[in-house]
>>> print(open('structure.cif').read())   # mmCIF, C-alpha atoms
data_model
loop_
_atom_site.label_atom_id
_atom_site.label_comp_id
_atom_site.auth_asym_id
_atom_site.auth_seq_id
_atom_site.Cartn_x
_atom_site.Cartn_y
_atom_site.Cartn_z
CA MET A 25 5.79 3.10 -49.77
CA ILE A 26 3.55 1.69 -47.02
CA SER A 27 6.02 -1.09 -46.20
CA ARG A 28 8.76 1.52 -45.91
CA LEU A 29 6.62 3.58 -43.50
CA ALA A 30 5.82 0.44 -41.51
CA HIS A 31 9.54 -0.36 -41.33
CA LEU A 32 10.36 3.19 -40.16
CA TYR A 33 7.60 2.99 -37.57
CA GLU A 34 8.98 -0.35 -36.35
CA LEU A 35 12.44 1.23 -35.99
CA LEU A 36 10.94 4.14 -34.05
CA VAL A 37 9.09 1.78 -31.70
CA ARG A 38 12.24 -0.29 -31.14
CA ALA A 39 14.32 2.83 -30.42
CA ALA A 40 11.69 4.17 -28.02
CA SER A 41 11.44 0.80 -26.26
CA ASN A 42 15.20 0.74 -25.79
CA CYS A 43 14.94 4.10 -24.01
CA GLN A 44 12.34 2.82 -21.51
CA SER A 45 14.78 1.69 -18.80
CA VAL A 46 16.86 4.85 -19.11
CA PHE A 47 13.69 6.95 -18.82
CA LEU A 48 12.50 5.01 -15.76
CA LEU A 49 15.95 5.32 -14.20
CA ALA A 50 15.90 9.10 -14.73
CA ILE A 51 12.39 9.33 -13.20
CA ARG A 52 13.42 7.24 -10.21
CA LEU A 53 16.69 9.06 -9.60
CA TYR A 54 15.29 12.57 -9.89
CA TRP A 55 11.98 12.08 -8.09
CA GLY A 56 13.39 9.63 -5.54
CA TRP A 57 15.93 12.29 -4.61
CA GLN A 58 13.22 14.98 -4.49
CA PHE A 59 11.03 12.82 -2.23
CA CYS A 60 14.04 12.03 -0.05
CA GLN A 61 14.96 15.70 0.35
CA THR A 62 11.38 16.77 1.04
CA GLY A 63 10.93 14.06 3.65
CA TRP A 64 14.30 14.84 5.23
CA GLY A 65 13.26 18.48 5.49
CA LYS A 66 10.01 17.51 7.21
CA LEU A 67 11.78 15.18 9.64
CA HIS A 68 14.31 17.86 10.58
CA ASN A 69 11.68 20.54 11.04
CA LEU A 70 8.95 18.58 12.84
CA PRO A 71 7.64 21.41 15.06
CA ASN A 72 6.92 23.64 12.05
CA VAL A 73 5.51 20.78 9.96
CA THR A 74 3.31 19.69 12.88
CA GLU A 75 2.02 23.25 13.24
CA PHE A 76 1.39 23.46 9.48
CA PHE A 77 -0.49 20.13 9.51
CA ALA A 78 -2.55 21.28 12.51
CA GLY A 79 -3.46 24.45 10.59
CA LEU A 80 -4.69 22.30 7.70
CA GLY A 81 -6.90 20.32 10.07
CA ILE A 82 -4.97 17.07 9.66
CA PRO A 83 -5.75 14.80 12.64
CA PHE A 84 -2.85 13.81 14.90
CA PRO A 85 -0.59 16.39 13.24
CA GLY A 86 2.58 15.34 15.08
CA PHE A 87 2.17 11.68 14.18
CA ASN A 88 1.22 12.49 10.59
CA ALA A 89 4.18 14.87 10.21
CA VAL A 90 6.53 12.01 11.18
CA LEU A 91 4.60 9.56 8.99
CA ALA A 92 4.62 11.85 5.92
CA GLY A 93 8.28 12.79 6.41
CA SER A 94 9.34 9.16 6.88
CA THR A 95 7.28 7.97 3.91
CA GLU A 96 8.80 10.63 1.66
CA CYS A 97 12.37 10.32 2.95
CA PHE A 98 12.70 6.54 3.13
CA GLY A 99 10.26 5.86 0.28
CA GLY A 100 12.23 8.30 -1.86
CA ALA A 101 15.48 6.51 -1.00
CA LEU A 102 13.97 3.15 -1.97
CA LEU A 103 12.59 4.66 -5.17
CA LEU A 104 16.03 6.06 -5.96
CA LEU A 105 17.57 2.60 -5.53
CA GLY A 106 14.79 0.85 -7.38
CA LEU A 107 14.12 -1.41 -4.40
CA GLY A 108 10.50 -2.35 -3.74
CA SER A 109 9.64 0.35 -6.26
CA ARG A 110 6.07 -0.57 -7.09
CA LEU A 111 5.26 -1.28 -3.47
CA VAL A 112 6.77 1.99 -2.21
CA ALA A 113 4.99 3.95 -4.95
CA LEU A 114 1.65 3.26 -3.24
CA PRO A 115 2.28 5.15 0.03
CA LEU A 116 4.00 7.93 -1.92
CA ILE A 117 0.90 8.31 -4.12
CA PHE A 118 -1.31 8.24 -1.04
CA THR A 119 0.81 10.96 0.60
CA MET A 120 0.38 13.15 -2.49
CA ILE A 121 -3.39 12.51 -2.53
CA VAL A 122 -3.51 13.67 1.10
CA ALA A 123 -1.46 16.74 0.13
CA TYR A 124 -4.00 17.56 -2.58
CA ALA A 125 -6.93 16.88 -0.23
CA THR A 126 -5.61 19.14 2.52
CA ASP A 127 -3.41 21.87 1.05
CA GLY A 128 -4.45 21.65 -2.62
CA LYS A 129 -8.25 21.69 -2.40
CA GLU A 130 -8.51 24.65 -4.79
CA ALA A 131 -6.36 22.86 -7.36
CA VAL A 132 -8.52 19.73 -7.15
CA GLN A 133 -11.74 21.75 -7.44
CA ALA A 134 -10.34 23.47 -10.54
CA ILE A 135 -9.21 20.26 -12.26
CA PHE A 136 -11.66 20.75 -15.15
CA SER A 137 -12.26 24.51 -15.08
CA ASP A 138 -8.58 25.46 -14.73
CA PRO A 139 -6.42 22.34 -15.28
CA ASP A 140 -3.22 24.39 -15.11
CA LYS A 141 -3.92 25.00 -11.43
CA PHE A 142 -4.08 21.24 -10.84
CA VAL A 143 -0.98 20.26 -12.82
CA THR A 144 1.15 23.10 -11.44
CA ALA A 145 0.35 22.24 -7.82
CA THR A 146 3.35 20.84 -5.97
CA PRO A 147 1.99 17.28 -5.46
CA PHE A 148 1.24 16.72 -9.15
CA LEU A 149 4.69 15.80 -10.49
CA PHE A 150 5.54 13.81 -7.35
CA MET A 151 2.34 11.82 -7.81
CA LEU A 152 2.86 11.45 -11.57
CA ALA A 153 6.38 10.08 -11.08
CA SER A 154 5.09 7.61 -8.49
CA LEU A 155 2.27 6.54 -10.82
CA ILE A 156 4.74 5.99 -13.67
CA VAL A 157 6.87 3.71 -11.47
CA LEU A 158 3.79 1.90 -10.14
CA ILE A 159 2.47 1.22 -13.65
CA PHE A 160 5.68 0.60 -15.61
CA GLY A 161 7.96 -0.66 -12.84
CA PRO A 162 11.49 0.49 -12.02
CA GLY A 163 13.15 -0.59 -15.28
CA LYS A 164 16.15 -2.81 -15.87
CA VAL A 165 18.58 -0.54 -14.04
CA SER A 166 17.23 -1.22 -10.56
CA LEU A 167 17.77 -3.44 -7.57
CA ASP A 168 14.30 -4.88 -8.16
CA HIS A 169 15.41 -6.13 -11.59
CA LEU A 170 18.67 -7.55 -10.23
CA LEU A 171 16.87 -9.36 -7.42
CA ARG A 172 14.27 -10.75 -9.81
CA ARG A 173 17.02 -12.10 -12.09
CA PHE A 174 18.82 -13.62 -9.09
CA TRP A 175 15.67 -15.42 -7.90
CA GLU A 176 14.81 -16.62 -11.40
CA LYS A 177 18.30 -18.11 -11.82
CA ARG A 178 18.10 -19.65 -8.37
CA LYS A 179 14.70 -21.22 -9.11
CA SER A 180 15.77 -22.57 -12.49
CA ALA A 181 19.11 -24.01 -11.29
CA PRO A 182 18.90 -27.79 -10.96
CA ALA A 183 19.02 -28.92 -7.37
CA VAL A 184 21.76 -31.38 -6.47
CA SER A 185 20.51 -33.79 -3.85
CA GLU A 186 22.55 -36.10 -1.68
CA GLY A 187 21.26 -39.13 -3.57
CA THR A 188 22.69 -37.96 -6.89
CA ALA A 189 26.02 -36.91 -5.41
CA GLY A 190 27.08 -40.57 -5.18
CA LEU A 191 26.42 -41.10 -8.88
CA HIS A 192 29.01 -38.49 -9.81
CA GLY A 193 32.05 -40.05 -8.20
CA ALA A 194 31.45 -39.19 -4.54
CA THR A 195 32.16 -42.04 -2.19
CA SER A 196 29.96 -42.86 0.69
CA ALA A 197 31.15 -44.31 3.96
CA GLY A 198 29.65 -47.59 4.64
#
>>> encode(input="structure.cif", output="structure tokens")
Amino acid sequence: MISRLAHLYELLVRAASNCQSVFLLAIRLYWGWQFCQTGWGKLHNLPNVTEFFAGLGIPFPGFNAVLAGSTECFGGALLLLGLGSRLVALPLIFTMIVAYATDGKEAVQAIFSDPDKFVTATPFLFMLASLIVLIFGPGKVSLDHLLRRFWEKRKSAPAVSEGTAGLHGATSAG
């Protein structure tokens, strides 16, 4: 009975593991697109975003509006593609921390007394998605994975030098 349960558990773990890349792809596609759209909206509405940032007391609101919009738009696009995923997750997480620190102070203060307020705040799911990609990587369906495979094959391929070319039937002038 116990061996049968252990076998079933092993099958469950294997099935769940096989879903990991599909799950990470779904996270990247959905949240990369969301970041991209949000950043695009900021970049195409800079006067209003700058005014909003100034109202929150963010220093250099014009510069930070461009910085936040660019980070979200271009970082989201890279996340969507799975290119530099772990690296790009860092500024995206930082942007969401700033969002919590400026516009979501009440949600942060209520993290233990009213956790629903924290997890339903806008930055939460953006930050969670970025954390998932930072911790688990982009998955096998990503440009990061393809590039890693390319470099591994390139490193492991035997180098053919000029000295060995002559041993394989090449003639040298002399």
>>> atom_distance(input="structure.cif", atom1="CA of Thr62 in chain A", atom2="CA of Lys164 in chain A")
26.3 Å
>>> closest_atom_pairs(input="structure.cif", of="range 72-168 of chain A", to="range 48-60 of chain A", cutoff="6 Å", atoms="only C-alpha atoms", output="tab-separated table")
residue	atom	partner	partner_atom	distance
A:Glu96	CA	A:Phe59	CA	5.0
A:Cys97	CA	A:Cys60	CA	3.8
A:Gly100	CA	A:Gly56	CA	4.1
A:Ala101	CA	A:Cys60	CA	5.8
A:Leu103	CA	A:Gly56	CA	5.0
A:Leu104	CA	A:Gly56	CA	4.5
A:Pro162	CA	A:Leu48	CA	6.0
A:Gly163	CA	A:Leu48	CA	5.7
>>> residues_around(input="structure.cif", residues="Asn69 in chain A", least_positions_apart="5", cutoff="12 Å", atoms="all atoms listed in the file", output="list in words")
Thr62, Gly63, Trp64, Thr74, Glu75, Phe76, Gly86, Ala89, Val90 and Gly93 of chain A
>>> atom_distance(input="structure.cif", atom1="CA of Leu114 in chain A", atom2="CA of Ala153 in chain A")
11.4 Å
>>> atom_distance(input="structure.cif", atom1="CA of Ala78 in chain A", atom2="CA of Thr126 in chain A")
10.7 Å
>>> residues_around(input="structure.cif", residues="Ser109 in chain A", least_positions_apart="4", cutoff="9 Å", atoms="all atoms listed in the file", output="short mmCIF file (atom, residue, chain, number, x, y, z; two decimals) with C-alpha atoms, keeping the file's coordinate frame")
data_model
loop_
_atom_site.label_atom_id
_atom_site.label_comp_id
_atom_site.auth_asym_id
_atom_site.auth_seq_id
_atom_site.Cartn_x
_atom_site.Cartn_y
_atom_site.Cartn_z
CA ARG A 52 13.42 7.24 -10.21
CA GLY A 99 10.26 5.86 0.28
CA LEU A 102 13.97 3.15 -1.97
CA LEU A 103 12.59 4.66 -5.17
CA LEU A 104 16.03 6.06 -5.96
CA LEU A 105 17.57 2.60 -5.53
CA ALA A 113 4.99 3.95 -4.95
CA SER A 154 5.09 7.61 -8.49
CA VAL A 157 6.87 3.71 -11.47
CA LEU A 158 3.79 1.90 -10.14
CA GLY A 161 7.96 -0.66 -12.84
CA PRO A 162 11.49 0.49 -12.02
CA SER A 166 17.23 -1.22 -10.56
CA ASP A 168 14.30 -4.88 -8.16
#
>>> closest_residue(input="structure.cif", among="A:Ala39, A:Leu29, A:Ile156, A:Ala134", to="Arg110 in chain A", atoms="all atoms listed in the file")
A:Ile156
>>> axis_aligned_box(input="structure.cif", around="range 44-58 of chain A", padding_each_side="6 Å", output="JSON")
{"center_x": 14.4, "center_y": 8.3, "center_z": -13.0, "size_x": 16.9, "size_y": 25.3, "size_z": 29.0}
>>> residues_near_point(input="structure.cif", point="(-6.9, 20.9, 4.2)", cutoff="10 Å", atoms="all atoms listed in the file", output="PyMOL selection string")
chain A and resi 77-82+122-130
>>> write_last_selection(input="structure.cif", atoms="C-alpha atoms", output="PDB file, keeping the file's coordinate frame")
ATOM      1  CA  PHE A  77      -0.490  20.130   9.510  1.00  0.00           C
ATOM      2  CA  ALA A  78      -2.550  21.280  12.510  1.00  0.00           C
ATOM      3  CA  GLY A  79      -3.460  24.450  10.590  1.00  0.00           C
ATOM      4  CA  LEU A  80      -4.690  22.300   7.700  1.00  0.00           C
ATOM      5  CA  GLY A  81      -6.900  20.320  10.070  1.00  0.00           C
ATOM      6  CA  ILE A  82      -4.970  17.070   9.660  1.00  0.00           C
ATOM      7  CA  VAL A 122      -3.510  13.670   1.100  1.00  0.00           C
ATOM      8  CA  ALA A 123      -1.460  16.740   0.130  1.00  0.00           C
ATOM      9  CA  TYR A 124      -4.000  17.560  -2.580  1.00  0.00           C
ATOM     10  CA  ALA A 125      -6.930  16.880  -0.230  1.00  0.00           C
ATOM     11  CA  THR A 126      -5.610  19.140   2.520  1.00  0.00           C
ATOM     12  CA  ASP A 127      -3.410  21.870   1.050  1.00  0.00           C
ATOM     13  CA  GLY A 128      -4.450  21.650  -2.620  1.00  0.00           C
ATOM     14  CA  LYS A 129      -8.250  21.690  -2.400  1.00  0.00           C
ATOM     15  CA  GLU A 130      -8.510  24.650  -4.790  1.00  0.00           C
TER      16      GLU A 130
END
>>> closest_residue(input="structure.cif", among="A:Leu167, A:Leu107, A:Leu36, A:Ala92", to="Ile121 in chain A", atoms="only C-alpha atoms")
A:Ala92
>>> closest_residue(input="structure.cif", among="A:Arg173, A:Ala145, A:Phe118, A:Ser41", to="Ala131 in chain A", atoms="all atoms listed in the file")
A:Ala145
>>> decode(input="structure.cif", residues="range 74-112 of chain A", atoms="N, CA and C atoms", output="CSV table (one decimal), in the first residue's frame")
chain,number,residue,atom,x,y,z
A,74,THR,N,3.8,62.2,-14.8
A,74,THR,CA,4.7,63.1,-14.1
A,74,THR,C,4.0,63.9,-13.0
A,75,GLU,N,2.8,64.4,-13.3
A,75,GLU,CA,2.0,65.1,-12.3
A,75,GLU,C,1.6,64.1,-11.1
A,76,PHE,N,1.2,62.9,-11.5
A,76,PHE,CA,0.8,61.9,-10.5
A,76,PHE,C,2.0,61.6,-9.6
A,77,PHE,N,3.2,61.4,-10.2
A,77,PHE,CA,4.4,61.1,-9.4
A,77,PHE,C,4.8,62.3,-8.5
A,78,ALA,N,4.6,63.5,-9.0
A,78,ALA,CA,4.9,64.7,-8.2
A,78,ALA,C,4.0,64.8,-7.0
A,79,GLY,N,2.7,64.4,-7.2
A,79,GLY,CA,1.7,64.4,-6.1
A,79,GLY,C,2.0,63.3,-5.1
A,80,LEU,N,2.7,62.3,-5.5
A,80,LEU,CA,3.1,61.2,-4.5
A,80,LEU,C,4.4,61.6,-3.8
A,81,GLY,N,5.1,62.7,-4.2
A,81,GLY,CA,6.3,63.1,-3.6
A,81,GLY,C,7.5,62.4,-4.1
A,82,ILE,N,7.4,61.8,-5.3
A,82,ILE,CA,8.6,61.1,-5.9
A,82,ILE,C,9.5,62.2,-6.4
A,83,PRO,N,10.8,62.1,-6.0
A,83,PRO,CA,11.8,63.1,-6.5
A,83,PRO,C,12.0,63.0,-8.0
A,84,PHE,N,12.3,64.1,-8.7
A,84,PHE,CA,12.5,64.1,-10.1
A,84,PHE,C,11.4,63.4,-10.9
A,85,PRO,N,10.1,63.9,-10.7
A,85,PRO,CA,9.0,63.1,-11.2
A,85,PRO,C,9.0,62.9,-12.7
A,86,GLY,N,9.5,63.8,-13.5
A,86,GLY,CA,9.6,63.7,-14.9
A,86,GLY,C,10.5,62.5,-15.3
A,87,PHE,N,11.7,62.6,-14.7
A,87,PHE,CA,12.7,61.6,-15.0
A,87,PHE,C,12.2,60.2,-14.5
A,88,ASN,N,11.6,60.1,-13.4
A,88,ASN,CA,11.2,58.9,-12.8
A,88,ASN,C,10.0,58.3,-13.6
A,89,ALA,N,9.2,59.2,-14.2
A,89,ALA,CA,8.0,58.7,-15.0
A,89,ALA,C,8.6,58.0,-16.2
A,90,VAL,N,9.6,58.6,-16.9
A,90,VAL,CA,10.2,58.0,-18.0
A,90,VAL,C,10.9,56.7,-17.6
A,91,LEU,N,11.6,56.7,-16.5
A,91,LEU,CA,12.4,55.6,-16.0
A,91,LEU,C,11.4,54.4,-15.7
A,92,ALA,N,10.3,54.7,-15.0
A,92,ALA,CA,9.3,53.6,-14.6
A,92,ALA,C,8.7,53.1,-15.9
A,93,GLY,N,8.2,54.0,-16.8
A,93,GLY,CA,7.6,53.6,-18.0
A,93,GLY,C,8.5,52.8,-18.9
A,94,SER,N,9.7,53.2,-19.0
A,94,SER,CA,10.7,52.4,-19.9
A,94,SER,C,11.0,51.1,-19.2
A,95,THR,N,11.2,51.1,-17.9
A,95,THR,CA,11.5,49.8,-17.2
A,95,THR,C,10.3,48.8,-17.4
A,96,GLU,N,9.1,49.3,-17.3
A,96,GLU,CA,7.9,48.4,-17.4
A,96,GLU,C,7.7,48.0,-18.9
A,97,CYS,N,7.8,49.0,-19.8
A,97,CYS,CA,7.5,48.7,-21.2
A,97,CYS,C,8.6,47.7,-21.8
A,98,PHE,N,9.9,48.1,-21.7
A,98,PHE,CA,10.9,47.3,-22.3
A,98,PHE,C,11.3,46.1,-21.5
A,99,GLY,N,11.2,46.2,-20.2
A,99,GLY,CA,11.4,45.1,-19.3
A,99,GLY,C,10.3,44.0,-19.5
A,100,GLY,N,9.1,44.5,-19.7
A,100,GLY,CA,8.0,43.6,-20.0
A,100,GLY,C,8.1,42.9,-21.3
A,101,ALA,N,8.6,43.6,-22.3
A,101,ALA,CA,8.9,43.0,-23.6
A,101,ALA,C,10.0,41.9,-23.5
A,102,LEU,N,11.0,42.2,-22.7
A,102,LEU,CA,12.1,41.2,-22.6
A,102,LEU,C,11.6,40.0,-21.8
A,103,LEU,N,10.7,40.3,-20.8
A,103,LEU,CA,10.1,39.2,-20.0
A,103,LEU,C,9.3,38.3,-20.9
A,104,LEU,N,8.5,38.9,-21.7
A,104,LEU,CA,7.6,38.2,-22.7
A,104,LEU,C,8.4,37.3,-23.6
A,105,LEU,N,9.6,37.8,-24.0
A,105,LEU,CA,10.4,37.0,-24.9
A,105,LEU,C,11.3,35.9,-24.2
A,106,GLY,N,11.4,36.2,-22.9
A,106,GLY,CA,12.3,35.3,-22.1
A,106,GLY,C,13.7,35.6,-22.4
A,107,LEU,N,14.1,36.8,-22.5
A,107,LEU,CA,15.4,37.3,-22.8
A,107,LEU,C,16.0,38.1,-21.7
A,108,GLY,N,17.0,37.6,-21.0
A,108,GLY,CA,17.5,38.3,-19.9
A,108,GLY,C,16.5,38.3,-18.7
A,109,SER,N,15.7,37.3,-18.6
A,109,SER,CA,14.6,37.3,-17.8
A,109,SER,C,14.9,37.5,-16.3
A,110,ARG,N,15.9,36.8,-15.8
A,110,ARG,CA,16.2,37.0,-14.4
A,110,ARG,C,16.8,38.3,-14.1
A,111,LEU,N,17.6,38.8,-15.0
A,111,LEU,CA,18.2,40.1,-14.9
A,111,LEU,C,17.1,41.2,-14.9
A,112,VAL,N,16.2,41.1,-15.9
A,112,VAL,CA,15.2,42.2,-16.0
A,112,VAL,C,14.1,42.1,-14.9
